[in-house]
Structure formats: structure tokens, C-alpha cells
$ cat run-v1.txt   # compact mmCIF, C-alpha atoms
# COMPACT_ATOMS: atom_id res chain seq x y z
CA MET A 1 -109.49 180.68 -296.23
CA PRO A 2 -108.37 184.06 -297.61
CA PHE A 3 -105.73 186.23 -296.01
CA LYS A 4 -107.01 188.96 -293.70
CA ARG A 5 -103.82 190.80 -292.71
CA TYR A 6 -101.76 192.15 -295.58
CA VAL A 7 -98.28 193.55 -295.74
CA GLU A 8 -98.83 197.22 -296.58
CA ILE A 9 -97.29 200.52 -295.71
CA GLY A 10 -98.55 201.37 -292.26
CA ARG A 11 -99.13 197.79 -291.11
CA VAL A 12 -98.14 197.38 -287.46
CA ALA A 13 -96.22 194.18 -286.80
CA LEU A 14 -94.73 192.41 -283.82
CA VAL A 15 -91.09 191.36 -283.98
CA ASN A 16 -90.83 187.68 -283.08
CA TYR A 17 -87.10 187.01 -283.42
CA GLY A 18 -83.87 188.83 -282.81
CA LYS A 19 -82.59 191.79 -280.89
CA ASP A 20 -85.90 193.68 -280.96
CA TYR A 21 -87.99 190.69 -279.87
CA GLY A 22 -91.43 191.71 -278.66
CA LYS A 23 -91.46 195.22 -280.07
CA LEU A 24 -94.23 196.73 -282.13
CA VAL A 25 -92.92 198.16 -285.40
CA VAL A 26 -94.51 199.77 -288.45
CA ILE A 27 -93.78 198.64 -292.01
CA VAL A 28 -92.80 201.82 -293.82
CA ASP A 29 -91.58 200.32 -297.10
CA VAL A 30 -91.12 196.99 -298.86
CA ILE A 31 -87.58 196.35 -300.06
CA ASP A 32 -88.03 193.12 -301.96
CA GLN A 33 -89.82 189.81 -301.75
CA ASN A 34 -88.36 189.00 -298.34
CA ARG A 35 -87.53 192.21 -296.56
CA ALA A 36 -89.32 195.29 -295.32
CA LEU A 37 -88.12 198.64 -294.11
CA VAL A 38 -89.40 198.92 -290.59
CA ASP A 39 -89.56 201.76 -288.09
CA ALA A 40 -90.69 202.41 -284.53
CA PRO A 41 -90.59 205.53 -282.34
CA ASP A 42 -87.75 204.19 -280.20
CA MET A 43 -85.53 202.54 -282.79
CA VAL A 44 -83.44 203.44 -285.80
CA ARG A 45 -85.25 202.71 -289.07
CA GLY A 46 -83.88 199.49 -290.56
CA GLN A 47 -84.61 196.45 -292.66
CA MET A 48 -86.11 193.27 -291.34
CA ASN A 49 -87.00 189.97 -292.95
CA PHE A 50 -90.73 189.27 -293.08
CA LYS A 51 -90.05 185.98 -291.31
CA ARG A 52 -89.12 187.98 -288.23
CA LEU A 53 -92.44 189.82 -288.23
CA THR A 54 -95.92 188.78 -287.21
CA LEU A 55 -98.60 191.04 -288.66
CA THR A 56 -101.23 192.53 -286.36
CA ASP A 57 -104.68 193.91 -287.13
CA ILE A 58 -103.59 197.49 -286.64
CA THR A 59 -102.71 199.81 -289.53
CA ILE A 60 -101.86 203.47 -289.53
CA ASP A 61 -102.11 206.08 -292.28
CA ILE A 62 -98.63 207.12 -293.39
CA PRO A 63 -96.92 208.00 -296.66
CA ARG A 64 -94.10 205.73 -297.86
CA VAL A 65 -91.03 206.13 -295.59
CA PRO A 66 -92.26 209.01 -293.45
CA LYS A 67 -90.08 211.22 -291.30
CA LYS A 68 -89.78 210.10 -287.71
CA LYS A 69 -91.93 213.02 -286.55
CA THR A 70 -94.69 212.17 -289.04
CA LEU A 71 -94.56 208.54 -287.98
CA ILE A 72 -94.93 209.40 -284.30
CA GLU A 73 -97.82 211.75 -285.01
CA ALA A 74 -99.60 209.14 -287.10
CA MET A 75 -99.15 206.55 -284.37
CA GLU A 76 -100.60 208.93 -281.80
CA LYS A 77 -103.56 209.72 -284.09
CA ALA A 78 -104.34 206.05 -284.64
CA ASP A 79 -103.78 205.37 -280.93
CA VAL A 80 -101.76 202.25 -281.64
CA LYS A 81 -100.64 201.80 -278.04
CA THR A 82 -104.13 201.69 -276.48
CA LYS A 83 -105.53 199.60 -279.34
CA TRP A 84 -102.74 197.09 -278.79
CA GLU A 85 -103.06 197.01 -275.03
CA ASN A 86 -106.82 196.47 -275.26
CA SER A 87 -106.63 193.72 -277.87
CA SER A 88 -106.70 190.18 -276.52
CA TRP A 89 -103.30 189.43 -278.07
CA GLY A 90 -101.75 192.48 -276.46
CA ARG A 91 -103.33 191.70 -273.10
CA LYS A 92 -101.99 188.14 -273.21
CA LEU A 93 -98.45 189.41 -273.78
CA ILE A 94 -98.75 191.85 -270.90
CA VAL A 95 -99.90 189.06 -268.59
CA GLN A 96 -97.04 186.81 -269.75
CA LYS A 97 -94.53 189.56 -269.00
CA ARG A 98 -96.02 190.17 -265.59
CA ARG A 99 -95.96 186.47 -264.70
CA ALA A 100 -92.35 186.14 -265.80
CA SER A 101 -91.27 189.04 -263.62
CA LEU A 102 -92.86 187.73 -260.42
CA ASN A 103 -90.66 187.57 -257.34
CA ASP A 104 -90.49 184.40 -255.19
CA PHE A 105 -92.60 186.20 -252.56
CA ASP A 106 -95.06 187.30 -255.27
CA ARG A 107 -95.43 183.71 -256.42
CA PHE A 108 -96.19 182.69 -252.83
CA LYS A 109 -98.84 185.40 -252.48
CA LEU A 110 -100.30 184.33 -255.82
CA MET A 111 -100.57 180.76 -254.59
CA LEU A 112 -102.42 181.89 -251.45
CA ALA A 113 -104.80 184.00 -253.55
CA LYS A 114 -105.53 181.08 -255.89
CA ILE A 115 -106.28 178.78 -252.97
CA LYS A 116 -108.57 181.39 -251.42
CA ARG A 117 -110.46 181.91 -254.67
CA ALA A 118 -110.84 178.17 -255.19
CA GLY A 119 -112.21 177.90 -251.66
CA VAL A 120 -114.85 180.55 -252.29
CA VAL A 121 -115.85 178.93 -255.59
CA ARG A 122 -116.14 175.53 -253.95
CA GLN A 123 -118.37 176.95 -251.20
CA GLU A 124 -120.70 178.50 -253.74
CA LEU A 125 -120.80 175.27 -255.72
CA ALA A 126 -121.64 173.27 -252.60
CA LYS A 127 -124.41 175.73 -251.82
CA LEU A 128 -125.86 175.46 -255.30
CA LYS A 129 -125.64 171.68 -255.22
CA LYS A 130 -127.51 171.58 -251.93
CA GLU A 131 -130.23 173.83 -253.29
CA ASN A 132 -130.55 171.74 -256.38
CA SER A 133 -130.69 168.40 -254.61
CA SER A 134 -133.22 169.49 -252.02
CA MET B 1 -23.72 204.99 -249.16
CA ALA B 2 -24.99 208.52 -249.48
CA ALA B 3 -28.39 209.24 -247.96
CA LYS B 4 -31.23 208.30 -250.34
CA ARG B 5 -33.98 210.78 -251.17
CA LYS B 6 -37.43 209.93 -249.98
CA THR B 7 -38.89 210.38 -253.47
CA PRO B 8 -36.72 209.59 -256.51
CA VAL B 9 -36.03 212.70 -258.61
CA LYS B 10 -37.88 212.78 -261.87
CA THR B 11 -35.52 213.88 -264.66
CA ARG B 12 -35.19 217.60 -265.16
CA ASN B 13 -34.41 216.89 -268.82
CA PRO B 14 -37.60 216.14 -270.72
CA ASP B 15 -37.37 213.99 -273.85
CA LEU B 16 -37.88 215.66 -277.20
CA ILE B 17 -38.02 212.20 -278.73
CA ARG B 18 -36.61 209.00 -277.37
CA GLY B 19 -32.88 209.37 -276.95
CA VAL B 20 -32.72 213.14 -277.35
CA GLY B 21 -33.08 215.42 -274.35
CA LYS B 22 -34.16 219.01 -274.41
CA TYR B 23 -31.18 220.43 -272.58
CA SER B 24 -27.46 220.14 -273.39
CA ARG B 25 -24.79 218.86 -271.02
CA SER B 26 -23.82 222.37 -269.92
CA LYS B 27 -27.40 223.42 -269.38
CA MET B 28 -28.02 220.28 -267.32
CA TYR B 29 -24.91 220.99 -265.26
CA HIS B 30 -26.47 224.28 -264.27
CA LYS B 31 -29.97 222.83 -263.76
CA ARG B 32 -28.77 220.08 -261.46
CA GLY B 33 -26.88 222.55 -259.34
CA LEU B 34 -23.55 220.74 -259.67
CA TRP B 35 -21.86 224.15 -259.56
CA ALA B 36 -23.39 224.71 -256.11
CA ILE B 37 -22.18 221.31 -254.87
CA LYS B 38 -18.69 222.13 -256.14
CA ALA B 39 -18.74 225.56 -254.57
CA LYS B 40 -19.80 224.09 -251.24
CA ASN B 41 -16.90 221.66 -251.40
CA GLY B 42 -14.21 224.18 -252.35
CA GLY B 43 -14.12 223.84 -256.14
CA VAL B 44 -13.99 220.06 -256.47
CA PHE B 45 -16.61 217.37 -256.39
CA PRO B 46 -16.96 215.77 -252.96
CA ARG B 47 -15.22 212.41 -252.67
CA HIS B 48 -16.71 209.64 -250.65
CA ASP B 49 -14.06 207.09 -249.66
CA PRO B 50 -15.31 203.59 -249.14
CA GLN B 51 -16.28 203.16 -245.50
CA PRO B 52 -14.47 200.42 -243.61
CA LYS B 53 -16.65 197.35 -243.69
CA ALA B 54 -17.40 195.50 -240.47
CA PRO B 55 -15.46 192.21 -240.32
CA ALA B 56 -17.64 189.39 -241.68
CA ALA B 57 -18.66 186.75 -239.16
CA VAL B 58 -16.64 183.57 -239.45
CA GLU B 59 -18.83 180.82 -240.97
CA LYS B 60 -18.25 177.47 -239.36
CA PRO B 61 -18.69 174.37 -241.52
CA PRO B 62 -22.02 172.64 -240.67
CA LYS B 63 -21.93 169.74 -238.21
CA PHE B 64 -24.45 167.65 -240.13
CA TYR B 65 -24.95 166.97 -243.82
CA PRO B 66 -28.19 165.13 -244.77
CA ALA B 67 -27.69 161.81 -246.59
CA GLU B 68 -29.62 163.03 -249.61
CA ASP B 69 -30.13 166.53 -250.79
CA VAL B 70 -33.56 167.56 -249.58
CA LYS B 71 -35.33 170.20 -251.68
CA LYS B 72 -36.70 173.14 -249.72
CA PRO B 73 -40.33 173.84 -250.60
CA LEU B 74 -40.86 177.13 -252.41
CA LEU B 75 -41.90 180.07 -250.32
CA ASN B 76 -45.64 180.86 -250.50
CA LYS B 77 -46.52 184.40 -249.53
CA ARG B 78 -50.11 184.20 -250.80
CA LYS B 79 -52.77 185.73 -248.57
CA PRO B 80 -56.29 184.50 -249.39
CA LYS B 81 -58.71 187.35 -250.02
CA PRO B 82 -61.91 187.65 -247.96
CA THR B 83 -64.89 186.07 -249.71
CA LYS B 84 -66.71 188.59 -251.87
CA LEU B 85 -70.34 188.95 -250.92
CA ARG B 86 -72.78 188.92 -253.83
CA ALA B 87 -74.32 192.33 -254.48
CA SER B 88 -77.80 190.86 -254.15
CA ILE B 89 -77.18 189.81 -250.52
CA THR B 90 -77.64 192.67 -248.05
CA PRO B 91 -78.63 192.55 -244.36
CA GLY B 92 -82.31 191.67 -244.24
CA THR B 93 -82.45 189.76 -247.51
CA VAL B 94 -84.56 186.62 -247.55
CA LEU B 95 -82.36 183.71 -248.66
CA ILE B 96 -83.39 180.23 -249.79
CA LEU B 97 -81.14 177.49 -248.38
CA LEU B 98 -80.27 174.89 -250.96
CA ALA B 99 -78.60 172.11 -249.03
CA GLY B 100 -78.39 170.54 -245.63
CA ARG B 101 -80.91 169.93 -242.91
CA PHE B 102 -82.87 173.08 -243.71
CA MET B 103 -82.96 172.61 -247.47
CA GLY B 104 -85.63 174.81 -249.05
CA LYS B 105 -86.19 176.97 -246.00
CA ARG B 106 -86.45 180.69 -246.42
CA VAL B 107 -84.27 182.50 -243.88
CA ILE B 108 -83.15 186.03 -243.16
CA PHE B 109 -79.56 187.11 -243.72
CA LEU B 110 -77.95 189.06 -240.87
CA LYS B 111 -74.29 189.60 -241.65
CA GLN B 112 -71.18 188.12 -243.22
CA LEU B 113 -68.68 186.72 -240.72
CA SER B 114 -64.93 187.11 -241.00
CA SER B 115 -64.56 183.58 -242.37
CA GLY B 116 -66.79 184.50 -245.30
CA LEU B 117 -69.78 182.47 -244.15
CA LEU B 118 -73.17 184.12 -243.86
CA LEU B 119 -74.94 184.45 -240.49
CA VAL B 120 -78.64 183.68 -240.92
CA THR B 121 -81.63 183.14 -238.67
CA GLY B 122 -85.07 181.58 -239.35
CA PRO B 123 -86.34 183.31 -237.20
CA PHE B 124 -86.45 180.22 -235.01
CA LYS B 125 -90.08 180.66 -233.96
CA ILE B 126 -91.24 180.81 -237.57
CA ASN B 127 -89.39 178.03 -239.31
CA GLY B 128 -87.09 176.33 -236.82
CA VAL B 129 -83.83 177.62 -238.29
CA PRO B 130 -81.61 178.91 -235.43
CA LEU B 131 -78.74 181.38 -235.68
CA ARG B 132 -76.60 179.51 -238.12
CA ARG B 133 -73.68 179.86 -240.48
CA VAL B 134 -74.25 179.13 -244.14
CA ASN B 135 -72.04 179.22 -247.20
CA GLN B 136 -72.86 181.77 -249.85
CA SER B 137 -72.68 179.15 -252.60
CA TYR B 138 -75.54 177.14 -251.14
CA VAL B 139 -77.98 179.98 -251.10
CA ILE B 140 -80.36 181.72 -253.50
CA ALA B 141 -80.82 185.39 -252.74
CA THR B 142 -84.36 186.63 -253.31
CA SER B 143 -85.16 190.27 -253.82
CA THR B 144 -87.41 190.38 -250.74
CA LYS B 145 -85.90 192.42 -247.92
CA VAL B 146 -86.84 192.64 -244.26
CA ASP B 147 -86.01 195.54 -241.97
CA VAL B 148 -83.19 194.43 -239.64
CA SER B 149 -82.26 197.80 -238.19
CA GLY B 150 -83.41 196.76 -234.72
CA VAL B 151 -81.10 193.77 -234.51
CA ASN B 152 -77.67 193.82 -232.87
CA VAL B 153 -75.39 191.19 -234.35
CA GLU B 154 -72.08 192.57 -233.13
CA LYS B 155 -71.39 189.76 -230.68
CA PHE B 156 -71.64 186.91 -233.20
CA ASP B 157 -68.49 185.72 -234.87
CA ASP B 158 -66.99 182.42 -235.97
CA LYS B 159 -65.75 181.60 -232.46
CA TYR B 160 -69.36 181.62 -231.20
CA PHE B 161 -70.15 178.69 -233.47
CA THR B 162 -67.17 176.40 -232.90
CA LYS B 163 -67.83 173.03 -231.27
CA GLU B 164 -66.96 172.63 -227.62
CA VAL B 165 -63.85 170.46 -227.16
CA GLN B 166 -64.71 167.35 -225.12
CA LYS B 167 -62.09 166.22 -222.67
CA LYS B 168 -61.56 162.52 -223.37
CA THR B 169 -61.96 160.52 -220.19
CA LYS B 170 -60.03 157.29 -220.08
CA LYS B 171 -62.36 154.34 -219.82
CA SER B 172 -61.46 151.06 -218.20
CA GLU B 173 -62.40 147.91 -220.08
CA GLY B 174 -65.50 147.18 -218.03
CA GLU B 175 -66.94 150.63 -218.47
CA PHE B 176 -66.15 150.60 -222.18
CA PHE B 177 -68.81 148.04 -222.96
CA GLU B 178 -71.49 149.78 -220.96
CA ALA B 179 -73.95 151.72 -223.06
CA GLU B 180 -72.35 154.99 -223.88
CA LYS B 181 -74.48 157.05 -221.66
CA GLU B 182 -73.15 160.42 -222.66
CA ASP B 183 -76.09 162.74 -222.23
CA LYS B 184 -77.28 164.42 -225.35
CA LYS B 185 -75.60 167.77 -225.36
CA LYS B 186 -78.14 170.33 -224.25
CA LEU B 187 -78.11 173.72 -225.88
CA PRO B 188 -76.73 176.20 -223.34
CA GLU B 189 -79.26 178.71 -222.04
CA ASP B 190 -77.32 181.76 -223.15
CA LYS B 191 -77.50 180.64 -226.78
CA LYS B 192 -81.26 180.34 -226.45
CA GLU B 193 -81.35 183.86 -225.01
CA ASP B 194 -79.28 185.18 -227.89
CA GLN B 195 -81.71 183.60 -230.34
CA LYS B 196 -84.69 185.17 -228.62
CA ALA B 197 -83.04 188.60 -228.51
CA VAL B 198 -82.24 188.57 -232.22
CA ASP B 199 -85.64 187.27 -233.20
CA ALA B 200 -87.68 189.67 -231.07
CA SER B 201 -87.19 192.74 -233.25
CA LEU B 202 -87.18 190.66 -236.43
CA LEU B 203 -90.59 189.24 -235.65
CA LYS B 204 -92.03 192.72 -235.28
CA SER B 205 -90.83 193.84 -238.69
CA ILE B 206 -91.96 190.56 -240.25
CA GLU B 207 -95.47 190.86 -238.87
CA GLY B 208 -95.68 194.32 -240.41
CA VAL B 209 -95.69 192.80 -243.90
CA PRO B 210 -98.79 190.75 -244.79
CA ASP B 211 -98.19 187.08 -245.63
CA LEU B 212 -94.43 187.34 -244.90
CA LYS B 213 -94.67 185.11 -241.84
CA ALA B 214 -96.38 182.34 -243.77
CA TYR B 215 -93.86 182.84 -246.57
CA LEU B 216 -90.91 182.30 -244.23
CA ALA B 217 -92.61 179.29 -242.67
CA ALA B 218 -93.08 177.55 -246.01
CA ARG B 219 -90.35 175.64 -247.81
CA PHE B 220 -89.36 176.39 -251.38
CA SER B 221 -89.64 173.64 -253.97
CA LEU B 222 -89.59 173.44 -257.73
CA LYS B 223 -92.99 172.58 -259.11
CA SER B 224 -93.96 171.29 -262.51
CA GLY B 225 -93.39 173.90 -265.19
CA MET B 226 -90.99 176.04 -263.16
CA LYS B 227 -87.79 176.64 -265.06
CA PRO B 228 -85.04 177.77 -262.65
CA HIS B 229 -83.15 179.65 -265.34
CA GLU B 230 -86.24 181.68 -266.16
CA LEU B 231 -87.43 182.31 -262.61
CA VAL B 232 -86.93 185.72 -261.12
CA PHE B 233 -86.05 185.46 -257.44

$ encode --input "run-v1.txt" --output "C-alpha cells"
Amino acid sequence: MPFKRYVEIGRVALVNYGKDYGKLVVIVDVIDQNRALVDAPDMVRGQMNFKRLTLTDITIDIPRVPKKKTLIEAMEKADVKTKWENSSWGRKLIVQKRRASLNDFDRFKLMLAKIKRAGVVRQELAKLKKENSS
Amino acid sequence: MAAKRKTPVKTRNPDLIRGVGKYSRSKMYHKRGLWAIKAKNGGVFPRHDPQPKAPAAVEKPPKFYPAEDVKKPLLNKRKPKPTKLRASITPGTVLILLAGRFMGKRVIFLKQLSSGLLLVTGPFKINGVPLRRVNQSYVIATSTKVDVSGVNVEKFDDKYFTKEVQKKTKKSEGEFFEAEKEDKKKLPEDKKEDQKAVDASLLKSIEGVPDLKAYLAARFSLKSGMKPHELVF
């Protein structure tokens, strides 16, 4: 089982611990065995331990330690945001966030919708069963 | 005593550093206008002789001394502040009651009474909660709001909700052992009318929002997997 996602300059990673939890960042340089220099359009460039990062499939084409402007342009060119939001991982995170932010009323409406959908499914199933048995 | 000024004079002699004023004694004499006071009084400072004091009332020795010295309790001038209403609770907010007969019911907040308690209503037709007082601490405020502009809650205050005082009738021994046939206290008609009046406009605004009526009719409960500290209300 070889590795598929490598730490390289331009690798997009997800922060999984700490103040910037949940943010997408780009590895712009490797400091030593454990730490990387990491940058994102909305944060100050800083170091982060690799243990705090989870690598994604997305890479962008940047020189080592680019200027903020270059970084933003490269991210736009590679369309990181849409690629992330369309990936199954990204979509799962969006759904999790949405579910966590539901109001009490929203949860009630969700429950009604689930019951309605289950009712429709059950009707169809009963219909199919009847057709099959007859 | 000479007449006091309404506002105390702030010094006309600013400090250069602590202990050293900007102006000398002679300069201050001129600044304070002491020369004008002297001139008004014919070259000398005005003298105020002590006014004759009114004769002090004669204190009689007390008639009664207690056997032991009783300590007087300390004076308490504390005035309790009115209960602060949480910022998330505004008129029309849907609240979840956490304790009592209507535990778990979702009700609508109307106003805060002078005692600090919250005035809420079901509305009665939807979930059976009448106009009722509820403590802020036993309530979760949701972020769902209902339009209560059509409701007039001016007439409700704490006095409206106090129990009626029953006049105790003296019972003779024979009557005492009879079944206590006090009729169950019926709710007076005017309270029912008040409830209907408040609920009429509320029901209209509730029916304007889809599913809100069913929401208010249902009780809240924690299900498996729900973590209260992570829930957004």
C-alpha cells in the first residue's frame, strides 16, 4: 500500500487541530522533519506541525514561499475552492457544519420531512411488493 | 456657618508638580479676590462671631434598662436590582420550559413582569399552556421569533396572578368530619376572556409560518445522540 498524497510545496491540507481547525491551508515550505510553513489567503503565514495537518488530493503550482498575491492567484487558477466543495470529503464537512448549526425549529422541520419521505418510500415499496406477489 | 456654594470651587492654582503650585501667595491673593472682600468690608476681613446655639434639650435618664445588653442588628440599606433579562429573550421568542407541569413545552414569551418573572402563553389552544409566569432560569430561549405586535399585555402584572385569599370558615366538630366538599375552584370567566384575547392575534401570526403550529404543539425532548452543549437553539 504505497502513499498517494505527498507533502510537497503546493499541497493543500486541512488543519485538524488548534486555533485554525477546519481551515484549508497550502504548504509553502518544509522547515524540518516535523514542521511546515503554511499559508492561506485569510491568515498570516506561519509554521505548523505536520501532525496538525491532513493532506488532501489538491495541489497547486507555486514557487517555494510565494508572495501572498502569487498564492491567491495560484489558488484561483487551480480553483481550489470549487474542487474542495465538490469533493466528497468537502461535501461531507459542509453537511456536518449545516447540521450542527440547525435551530430547534429547523430540527423539528427536518424530522417532519424525514417522516414524510419515509412514508412515500414505504408506499412505493408496498406497491412494488403487491405487483410482485400478484 | 457661611452659605455653602452649590458646586465646590476647583483650585485656581494648578499644580506644577505635586506640592508646588503655579502661583505665589501674593498672586493667589489677587486671584481669589480677597482684596475685593476686604474692600467690601472696610479694609479688614469680615468676622463671623459664633452664633448663639439653641439650648440643647434636656435628656432624661431612661425608665427601663434591659437585663442583658441586646445587640442592635446592623442597618441594611441594600436594594435588590431588577432581574436582568437575557439578551436572547425578546417579546415573541419561543421558549422551552424545563421544569414543572409543562416541562418540555414550547411557549411564546410576552413580557417580563416587575418581579422579574417572565409572562408566557402557549397559546392555550395549541399546547394547553395558559397565561403563566415562569422563571428565567427554567427556560431555554430558542432563536425562533413570532410576531407579537398585535398583542396587548399592559394589563398583566404580578397582582393578576396571586392566589385568591380564602376566608376560613369555622367548622363545628360534626361538619369537620364530613367530606370536605369545597367545590373545585373554577377559573373565573374574565381570565378565560383574557386568554382568548391574547391568543387571537398570536394564532394569526403563528399560522402565517408553516409548521410553526405543530412545532409549538410538540414537546421538546433529548433524543439519543443529542448533546445539549453542542446543540444550537

$ residues_around --input "run-v1.txt" --residues "Val80 (chain A)" --least-positions-apart "2" --cutoff "12 Å" --atoms "all atoms listed in the file" --output "PyMOL selection string"
chain A and resi 10-13+24-26+40-41+56-61+71-78+82-87+90

$ interface_residues --input "run-v1.txt" --of "chain B" --to "chain A" --cutoff "9 Å" --atoms "all atoms listed in the file" --output "count of residues only"
11

$ closest_residue --input "run-v1.txt" --among "A:Arg52, A:Arg122, A:Arg45, A:Lys116" --to "Lys67 (chain A)" --atoms "only C-alpha atoms"
A:Arg45

$ axis_aligned_box --input "run-v1.txt" --around "region 132-148 of chain B" --padding-each-side "6 Å" --output "lines of an AutoDock Vina configuration file"
center_x = -79.7
center_y = 186.3
center_z = -246.0
size_x = 27.4
size_y = 30.4
size_z = 27.7

$ atom_distance --input "run-v1.txt" --atom1 "CA of Trp35 (chain B)" --atom2 "CA of Gln51 (chain B)"
25.9 Å

$ residues_around --input "run-v1.txt" --residues "Thr90 (chain B)" --least-positions-apart "2" --cutoff "10 Å" --atoms "only C-alpha atoms" --output "list in words"
Leu85, Arg86, Ala87, Ser88, Gly92, Thr93, Val94, Ile108, Phe109, Leu110, Lys111, Gln112, Ala141, Ser143, Lys145 and Val146 of chain B

$ residues_near_point --input "run-v1.txt" --point "(-93.7, 206.8, -298.1)" --cutoff "10 Å" --atoms "all atoms listed in the file" --output "VMD selection string"
chain A and resid 9 to 10 28 to 29 62 to 67

$ atom_distance --input "run-v1.txt" --atom1 "CA of Tyr160 (chain B)" --atom2 "CA of Gln136 (chain B)"
19.0 Å

$ residues_around --input "run-v1.txt" --residues "Lys84 (chain B)" --least-positions-apart "3" --cutoff "12 Å" --atoms "only C-alpha atoms" --output "list in words"
Pro80, Lys81, Ala87, Ser88, Ile89, Gln112, Leu113, Ser114, Ser115, Gly116, Leu117, Leu118, Asn135, Gln136 and Ser137 of chain B

$ atom_distance --input "run-v1.txt" --atom1 "CA of Lys186 (chain B)" --atom2 "CA of Glu154 (chain B)"
24.7 Å

$ residues_around --input "run-v1.txt" --residues "Tyr23 (chain B)" --least-positions-apart "5" --cutoff "12 Å" --atoms "all atoms listed in the file" --output "ChimeraX atom specification"
/B:11-16,28-32

$ write_last_selection --input "run-v1.txt" --atoms "C-alpha atoms" --output "PDB file, in the coordinates of the input"
ATOM      1  CA  THR B  11     -35.520 213.880-264.660  1.00  0.00           C
ATOM      2  CA  ARG B  12     -35.190 217.600-265.160  1.00  0.00           C
ATOM      3  CA  ASN B  13     -34.410 216.890-268.820  1.00  0.00           C
ATOM      4  CA  PRO B  14     -37.600 216.140-270.720  1.00  0.00           C
ATOM      5  CA  ASP B  15     -37.370 213.990-273.850  1.00  0.00           C
ATOM      6  CA  LEU B  16     -37.880 215.660-277.200  1.00  0.00           C
ATOM      7  CA  MET B  28     -28.020 220.280-267.320  1.00  0.00           C
ATOM      8  CA  TYR B  29     -24.910 220.990-265.260  1.00  0.00           C
ATOM      9  CA  HIS B  30     -26.470 224.280-264.270  1.00  0.00           C
ATOM     10  CA  LYS B  31     -29.970 222.830-263.760  1.00  0.00           C
ATOM     11  CA  ARG B  32     -28.770 220.080-261.460  1.00  0.00           C
TER      12      ARG B  32
END

$ residues_around --input "run-v1.txt" --residues "Asp199 (chain B)" --least-positions-apart "4" --cutoff "9 Å" --atoms "all atoms listed in the file" --output "list in words"
Thr121, Gly122, Pro123, Phe124, Lys125, Val151, Asp194, Gln195, Leu203 and Lys204 of chain B
